[in-house]
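This report refers to the structure that appears directly beneath it.
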Amino acid sequence: MKVSLNWLKDYVKIPEDMDLKRLAFDLTMSTVEVEGVTELARSFDGIVVGEIREVQPHPNADRLRVCRVDIGDGEIRDIVCGGSNLEAGMKVVVACPGSYVRWHGEGEPVEIKNTKLRGVASYGMICASSEVGLEDLFPAREEAEIMDLSEFDAPAGTSLAKALELDDVILEIDNKSMTNRPDLWGHYGIAREIAALYDLPLIRFQPFDPGETARFPIRIEDPERCPRYMGVQMDGVEVKPAPFRMQSRIWRVGMRPINALVDITNYVMLAVGQPTHVFDSDNISDYIQVRRAGAGEELLLLNDKSLALTEDDLVIADSEGAVALAGVMGGAKDSVLPTTRRVILEIANFEAAGVRRTALRYDNRTEASSRYEKGVDPERCDIALSLAMSLFGEMYPDVKVKAFADQYPNKLVQKELDVELGWLSRRLGKQIPNEQIAAKLGLLGFTVTFTEDAMHIVVPTWRSTGDVGIKADIMEEVARMYGYENFEPTTIVTSFEGAINQLDQDLLRRIKEYLAFRCGMQEVFTYPWMQDTYVEAILQSTEGVLKLSTPPAPDESYIRSSLLPNLCRAVAENERYFGSFDIFEEAQVFKDENYTSPYDEREKLPSQRRHIAGAFAGSAEDVMGLFRRAKGVVENMPRMTHMEEFTLRHQEKPVWADETVWLNVYLGEKKAGDLALLSRKASMAAGIRNLAAVFFELDADAFQPLRSRTNTFTHLAEYPTIDYDLSMLFDADTKWEQIRAAALKKKNQESFLQDVDFVDEYKGSQIPAGRKSVTMRLTIGSGTKTLKSDEIEKCAGSVIRQLEKDLGGEMRR
Amino acid sequence: MKEKIAKLLAEGEAAILRAKNESELQEVKGSILGRQGVLTQLLKEIPKLDAQLRPEIGRVVNEAKARLGGLIDSRREELKLKAAQVPEDFDYTLPGIRPPMGGLHPITQMRYDLDDAFRSMGFEIYQEDDITSELYAFDKLNFPPNHPARESMDTYWLEGHDTGDAAEKLCLRPHLTGGSVRYMQTHKPPYRFVYPGRVYRNETTDARHERAFFQYEALIVDKDFTFTAGKVMIKSILSKVFGRDVPVRMRAGFFPFVEPGFEIDMGCLVCGGKGCSVCKHVGWIEIMPGGTPHPNVLRAAGLDPDEYTGFYVNIGLDRLVMMRYGVDDVRLFHSADLRFLQQFH
């Protein structure tokens, strides 16, 4: 919202020497955020009123003229101009060299320089209204029309800003910072805050006295939705431009002047925050009725939108039908036309939520509806009426009030509160003297009476529509008026009850740090919604998957039941730039099942579990390497992050997995996730072109953190142990787990075998078809002596024989 | 003759020290002590000398020979130890071999920095579910029934759960504060916890607006806690995170779940408060909303608002990270684009 400093000065005596930065700062700290302070006159620097003395033809151009112009500095200047309405004696806008204008009203402002136009020297430029940004106030009737200031009582040389009273300051207020303050949506409200901040007097409006007039027939059918309705029927008006001063004010705060009748309504709204409306009285039949619309009732708005209404919409109607959408917009039928001579002025109060629903229903929010939906108080109709009637009087000296009515069936109840003074000073951390509290609250319109240890407060009407209702609100009023910056910082006092020990939180962080720093994976974030392409590639079914009502995109309506579809998308997208990379994500996944809530028995929340998933993308040439790397990351996670161990089984193939390369991750007897190579089919469907990808996904909510470290210390070996490498041939489908298990059968009391590790596996030309060579490393040693070579050979030999017997192994020669 | 020997000795010593490697040294040795060596030549001349002089000169030459021989041996040992293990053109400017590239998301990094800072002040870490009901997203937080945030244009409601009773109407959480009520319901006061998490808003995205972003909520609830103590808390946290003293100011602000509410600004770190394009020339950057929990919120959590009060802030992690690194497009955070993420290792 734009606020004019000059306009504010109508209501509160702001000292002439007020530092504007200070004002903006104080308002920002205590009331609303002032986002900008613009001195309007600045944009008119070097632009003055000039009087044309003579208009001569241009020697070299038919469409240009050479004007002899007085700009008040004692010299007569030649200015070349192509304007269509140039005349001797006309007052025009002259942009002197050094000033800035917008060429033909377009683009960025450019600096005016002394120049020659077709061979004739020109001092500056005579401007059209659009060139100085005043097209709304001085609309041009034709393209080359020059702005005419002849009507203005300003001698040549007067600065344009002064001539047009544009020496104003505009405060730009962030609307978001006052959504809760319906009283601030007009100059008067802001003026009241300034009065309170600086202890200045605020002017009051004199109530309007309609005198002895006929009673205008008004019927309010729904007092809940329309607590008050005032109607003033007037004769002796006409459609004409408003005086420049009013137009200028409206324009300065960002609205467009239309005509005097419409401008009065806008002016009142901008002044006191109360929307008003004028109907052409000749188009209103018999009476005004405020009622709910019938289902399907039609209404043509004045912006030519045709609506089929619902029973929830409130309309203003006459005996023939709806004429306006209450609080939102007038209808086409009753609107003010050039022929209008009689009007009905509406000053009414409509309930906030209803106006909001209607405005949203038809996507038709207006200056009026956005004010009503904040909760305007019905008492404000009085000052709006007072201001409106004085403006009608000024603009139409012959205006006559023919009929008047003020229906107020639903009177506003002012809030009353009792605030304990001890509570207040405890919460503020400071004792503020009663007189000071009373003075500031008084300036804001609160009535305060003190008892011994409390104060009784009557909230002003304009703060009683939901804004102020509890004692914490009063504390806020006191604190903000005292100035938040004026409270000394206080220390935080605490009691110690024990160290914080959050095993689950610590585990989650250790896992992420393990994946990032030990395993070299990059953490990524993706959205909770999934694109259909990846849902189809990975999940292949949407059963049990939750959906958004209004998704961010039509093909992103499902929310994730697994982290893999989005991780798969991340692989596909990063494949363009990287040949090999490892990523992981931690987030919640959702399923349409197990509805329950531990917090409120009425609440039904779906299954939500925290998952951790990773993707290893690399060359399709070395799937085994990729898979073993991924497996190593999963296998070692429990030990390195201190949680209960996993076991890996080959039990249930994930739908997205390759036929062979997959494992399930178990915690005890419960499945906690999968680890697998993405199938070729899923890879193709996801648009992964070249790389192979191994994924894992784990249910982190199932993880059991260890209470403390469980590593145990073993003494370092006193006698040497020997690494004994062994290469043997087995059938190609023999699994390492089988080989190791068979070999370890020889680890017993009598044997010196300590461990068996995998070294290498080979299939190829030097190996018989259907066989593979496996190299393993036996660790052989004794805790009591140094072994002799025959003891070592004997131990290895027993392992070899076991493998020959159990698995058909054969020493490689 | 003696002078000649002395000169030869001096030159020999210098040549030995000049030898940079064993082969050079071998050459020097040959030139002095070899068959054609200068000293060997000299020895051959002794018999031609006057008989009286012979013993004396012979002794001097032999001394010189022994001395140079010793010097060559010790120089050889020295050169052996010094000898390069690689050719001399070894290129020590080749890049080091990089450890595995991996890292935490920049938002996670900031989150952990904040976690550490808050934990050092005795705060617990709390996490809650992403899907919540209207009851906790709005009703318990004192949002009026017609508040615009409840509408589908602002909140992501779930299909099939978007009508009916507030407890059964489900959405992706639009903020974290509802979860804080859950915490309070299930724990005993006083409270001191932080609550990091992702929140969701149905809006049009651009460089400054996202549909999914991170918040970091901190809540203290205690008896007679004043908002001025809250300011101390924020100041010390921000100073710890940014590694320097950060000016903080609180000004009037409105949020349904606090009363009074504040907008909390931090001094612009780019210009030091003088005003620059980052802070729109005001010297301050709006960094978080805060305030005292609204009595209705405390009541919803089962507390007596006359007894308990507190302080709440909600830090926008995305904005804080953008400040930290000068990131100018919030949408990058959820892009999973490694070209972006790898910049924050």
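Ligands are numbered from 1 in the order shown, chains are lettered A, B, ... in the order of the structure tokens, and residues start at 1 in each chain.
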
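Contact shell of stretch 42-59 of chain B at 9 Å (only C-alpha atoms; same-chain neighbours under 6 positions omitted): Met1, Lys2 and Ile5 of chain B.
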
Open item on the list: Give me, as a PyMOL selection string, all polymer residues having an atom no more than 12 Å from A:Gln431, counting only C-alpha atoms and skipping those fewer than 2 positions away in the same chain.
Closed with: chain A and resi 421-429+433-437+475+478-479+482+487

TODO: Kindly indicate which residue among B:Val327, B:Val194, B:Ala19, B:Leu104 lies nearest to chain A, using only C-alpha atoms for the distances.
DONE: B:Leu104

- [ ] Find the residues of chain B in contact range of chain A, meaning any atom within 6 Å when counting only C-alpha atoms, and list them as an MDAnalysis selection string.
- [x] chainID B and resid 100:105 157:159 167:168 224 226 228:229 251:252 259:260 334 336

Requested write-out: N, CA and C atoms of the selected residues, as a PDB file, in the first residue's frame:
ATOM      1  N   PRO B 100      37.696 -39.606  -2.239  1.00  0.00           N
ATOM      2  CA  PRO B 100      36.372 -39.766  -2.853  1.00  0.00           C
ATOM      3  C   PRO B 100      35.548 -38.490  -2.679  1.00  0.00           C
ATOM      4  N   MET B 101      34.869 -38.082  -3.779  1.00  0.00           N
ATOM      5  CA  MET B 101      34.037 -36.887  -3.704  1.00  0.00           C
ATOM      6  C   MET B 101      32.740 -37.272  -3.016  1.00  0.00           C
ATOM      7  N   GLY B 102      32.428 -36.611  -1.964  1.00  0.00           N
ATOM      8  CA  GLY B 102      31.163 -36.877  -1.302  1.00  0.00           C
ATOM      9  C   GLY B 102      30.928 -35.724  -0.362  1.00  0.00           C
ATOM     10  N   GLY B 103      29.693 -35.524   0.017  1.00  0.00           N
ATOM     11  CA  GLY B 103      29.451 -34.432   0.937  1.00  0.00           C
ATOM     12  C   GLY B 103      27.995 -34.347   1.309  1.00  0.00           C
ATOM     13  N   LEU B 104      27.743 -33.548   2.318  1.00  0.00           N
ATOM     14  CA  LEU B 104      26.370 -33.321   2.748  1.00  0.00           C
ATOM     15  C   LEU B 104      25.793 -32.158   1.964  1.00  0.00           C
ATOM     16  N   HIS B 105      24.497 -32.189   1.799  1.00  0.00           N
ATOM     17  CA  HIS B 105      23.797 -31.085   1.139  1.00  0.00           C
ATOM     18  C   HIS B 105      24.064 -29.791   1.909  1.00  0.00           C
ATOM     19  N   TRP B 157      -3.057 -30.376  -0.150  1.00  0.00           N
ATOM     20  CA  TRP B 157      -3.920 -31.361   0.492  1.00  0.00           C
ATOM     21  C   TRP B 157      -3.810 -32.687  -0.246  1.00  0.00           C
ATOM     22  N   LEU B 158      -4.119 -33.773   0.474  1.00  0.00           N
ATOM     23  CA  LEU B 158      -4.024 -35.097  -0.149  1.00  0.00           C
ATOM     24  C   LEU B 158      -5.370 -35.498  -0.736  1.00  0.00           C
ATOM     25  N   GLU B 159      -5.308 -36.080  -1.913  1.00  0.00           N
ATOM     26  CA  GLU B 159      -6.534 -36.501  -2.592  1.00  0.00           C
ATOM     27  C   GLU B 159      -7.230 -37.576  -1.765  1.00  0.00           C
ATOM     28  N   ALA B 167      -9.466 -33.239  11.730  1.00  0.00           N
ATOM     29  CA  ALA B 167      -8.538 -34.279  12.158  1.00  0.00           C
ATOM     30  C   ALA B 167      -8.292 -35.291  11.050  1.00  0.00           C
ATOM     31  N   GLU B 168      -9.165 -35.319  10.049  1.00  0.00           N
ATOM     32  CA  GLU B 168      -9.018 -36.295   8.972  1.00  0.00           C
ATOM     33  C   GLU B 168      -8.599 -35.663   7.654  1.00  0.00           C
ATOM     34  N   ASP B 224       7.596 -17.503  32.913  1.00  0.00           N
ATOM     35  CA  ASP B 224       8.075 -16.124  32.860  1.00  0.00           C
ATOM     36  C   ASP B 224       9.338 -15.913  32.049  1.00  0.00           C
ATOM     37  N   THR B 226      11.085 -13.971  29.109  1.00  0.00           N
ATOM     38  CA  THR B 226      10.789 -12.703  28.428  1.00  0.00           C
ATOM     39  C   THR B 226      11.355 -12.717  27.016  1.00  0.00           C
ATOM     40  N   THR B 228      12.991 -10.569  25.595  1.00  0.00           N
ATOM     41  CA  THR B 228      14.329  -9.976  25.511  1.00  0.00           C
ATOM     42  C   THR B 228      15.413 -11.045  25.689  1.00  0.00           C
ATOM     43  N   ALA B 229      15.078 -12.129  26.370  1.00  0.00           N
ATOM     44  CA  ALA B 229      16.025 -13.237  26.480  1.00  0.00           C
ATOM     45  C   ALA B 229      16.093 -13.982  25.145  1.00  0.00           C
ATOM     46  N   ARG B 251      11.286  -6.514  15.308  1.00  0.00           N
ATOM     47  CA  ARG B 251      10.291  -5.478  15.073  1.00  0.00           C
ATOM     48  C   ARG B 251       8.913  -6.116  14.975  1.00  0.00           C
ATOM     49  N   ALA B 252       7.897  -5.257  14.956  1.00  0.00           N
ATOM     50  CA  ALA B 252       6.523  -5.750  14.985  1.00  0.00           C
ATOM     51  C   ALA B 252       6.264  -6.674  13.797  1.00  0.00           C
ATOM     52  N   GLU B 259       1.977 -14.286  19.968  1.00  0.00           N
ATOM     53  CA  GLU B 259       1.440 -13.004  20.444  1.00  0.00           C
ATOM     54  C   GLU B 259       2.260 -12.565  21.640  1.00  0.00           C
ATOM     55  N   PRO B 260       3.065 -11.541  21.589  1.00  0.00           N
ATOM     56  CA  PRO B 260       3.327 -10.758  20.384  1.00  0.00           C
ATOM     57  C   PRO B 260       4.210 -11.506  19.388  1.00  0.00           C
ATOM     58  N   HIS B 334      16.729 -28.250  -4.487  1.00  0.00           N
ATOM     59  CA  HIS B 334      16.050 -29.524  -4.725  1.00  0.00           C
ATOM     60  C   HIS B 334      16.333 -30.082  -6.114  1.00  0.00           C
ATOM     61  N   ALA B 336      19.012 -31.700  -7.132  1.00  0.00           N
ATOM     62  CA  ALA B 336      19.882 -32.894  -7.133  1.00  0.00           C
ATOM     63  C   ALA B 336      20.963 -32.771  -8.193  1.00  0.00           C
TER      64      ALA B 336
END

- [ ] Measuring atom to atom with only C-alpha atoms, identify which of B:Arg150, B:Lys223, B:Lys29, B:Lys231 is nearest to B:Arg201.
- [x]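 Between B:Arg150, B:Lys223, B:Lys29, B:Lys231, the residue approaching B:Arg201 most closely is B:Arg150.
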
Contact residues around B:Lys280 with only C-alpha atoms at 12 Å, ignoring same-chain residues under 3 positions, as a short mmCIF file (atom, residue, chain, number, x, y, z; two decimals) with C-alpha atoms, in the first residue's frame:
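Heads up, here's the output in selection-v5.cif:
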data_model
loop_
_atom_site.label_atom_id
_atom_site.label_comp_id
_atom_site.auth_asym_id
_atom_site.auth_seq_id
_atom_site.Cartn_x
_atom_site.Cartn_y
_atom_site.Cartn_z
CA GLU A 35 9.68 -0.94 2.26
CA GLY A 36 10.46 2.31 0.55
CA CYS B 268 23.48 -7.51 6.40
CA VAL B 270 27.58 -8.32 2.84
CA CYS B 271 27.75 -4.59 3.48
CA GLY B 273 24.80 -2.64 7.58
CA LYS B 274 25.72 0.24 5.29
CA GLY B 275 23.20 -0.80 2.67
CA CYS B 276 23.75 -2.80 -0.52
CA SER B 277 21.77 -4.58 -3.20
CA GLY B 283 21.29 -2.72 6.00
CA TRP B 284 19.03 -5.42 7.46
CA ILE B 285 17.81 -8.75 6.17
CA GLU B 286 14.57 -10.33 7.30
#

Task: Within 7 Å of B:Cys171 using only C-alpha atoms, minus same-chain residues under 2 positions, as a PyMOL selection string - done: chain B and resi 131-133+155-158+169+173

Task: Secondary structure check, strand (DSSP E or B) residues of stretch 117-166 of chain B, as JSON, numbers by chain - done: {"B": [124, 125, 131, 132, 133, 157, 158]}

Selected residues written out, N, CA and C atoms, as a PDB file, in the first residue's frame:
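Resulting contents of again31.pdb:
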ATOM      1  N   GLU B 124      17.162 -29.950  22.745  1.00  0.00           N
ATOM      2  CA  GLU B 124      17.009 -31.255  22.131  1.00  0.00           C
ATOM      3  C   GLU B 124      16.677 -31.085  20.663  1.00  0.00           C
ATOM      4  N   ILE B 125      16.893 -32.138  19.880  1.00  0.00           N
ATOM      5  CA  ILE B 125      16.514 -32.105  18.471  1.00  0.00           C
ATOM      6  C   ILE B 125      15.252 -32.948  18.307  1.00  0.00           C
ATOM      7  N   ILE B 131       3.518 -35.458   6.754  1.00  0.00           N
ATOM      8  CA  ILE B 131       2.076 -35.344   6.523  1.00  0.00           C
ATOM      9  C   ILE B 131       1.397 -35.063   7.855  1.00  0.00           C
ATOM     10  N   THR B 132       0.540 -34.068   7.859  1.00  0.00           N
ATOM     11  CA  THR B 132      -0.152 -33.719   9.088  1.00  0.00           C
ATOM     12  C   THR B 132      -1.620 -33.478   8.768  1.00  0.00           C
ATOM     13  N   SER B 133      -2.404 -33.284   9.836  1.00  0.00           N
ATOM     14  CA  SER B 133      -3.827 -33.019   9.618  1.00  0.00           C
ATOM     15  C   SER B 133      -4.077 -31.526   9.755  1.00  0.00           C
ATOM     16  N   TRP B 157      -3.057 -30.376  -0.150  1.00  0.00           N
ATOM     17  CA  TRP B 157      -3.920 -31.361   0.492  1.00  0.00           C
ATOM     18  C   TRP B 157      -3.810 -32.687  -0.246  1.00  0.00           C
ATOM     19  N   LEU B 158      -4.119 -33.773   0.474  1.00  0.00           N
ATOM     20  CA  LEU B 158      -4.024 -35.097  -0.149  1.00  0.00           C
ATOM     21  C   LEU B 158      -5.370 -35.498  -0.736  1.00  0.00           C
TER      22      LEU B 158
END

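Among B:Thr205, B:Thr40, B:Thr292, B:Ser236, the residue with the shortest atom-to-atom distance to B:Val61, counting only C-alpha atoms, is B:Thr40.
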
Task: Distance in Å - atom CA of A:Gly673 versus atom CA of A:Leu698 - done: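 If I compute the distance from atom CA of A:Gly673 to atom CA of A:Leu698, I get 4.3 Å.
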
Open item on the list: If we count only C-alpha atoms and set the cut-off at 6 Å, which residues sit around A:Ser619, ignoring sequence neighbours fewer than 2 positions away in its own chain? Please answer as an MDAnalysis selection string.
Closed with: chainID A and resid 621 691:692

Open item on the list: List as a PyMOL selection string the protein and nucleic acid residues near A:Arg256, meaning an atom at most 10 Å away when only C-alpha atoms are counted, but skip any in the same chain fewer than 5 places from it.
Closed with: chain A and resi 135-137+247-251+263+266

TODO: Can you check which residues of stretch 19-232 of chain A DSSP gives as alpha helix (DSSP H) on the backbone and send them as a VMD selection string?
DONE: chain A and resid 20 to 30 160 to 163 187 to 198

- [ ] Quote the spacing between atom CA of A:Asp382 and atom CA of A:Gly211 in Å to one decimal place.
- [x] 15.1 Å

- [ ] Compile the contact shell of B:Leu79 as a PyMOL selection string: residues with an atom at most 10 Å away, counting only C-alpha atoms, same-chain residues fewer than 6 positions apart removed.
- [x] chain B and resi 19-22+25+73
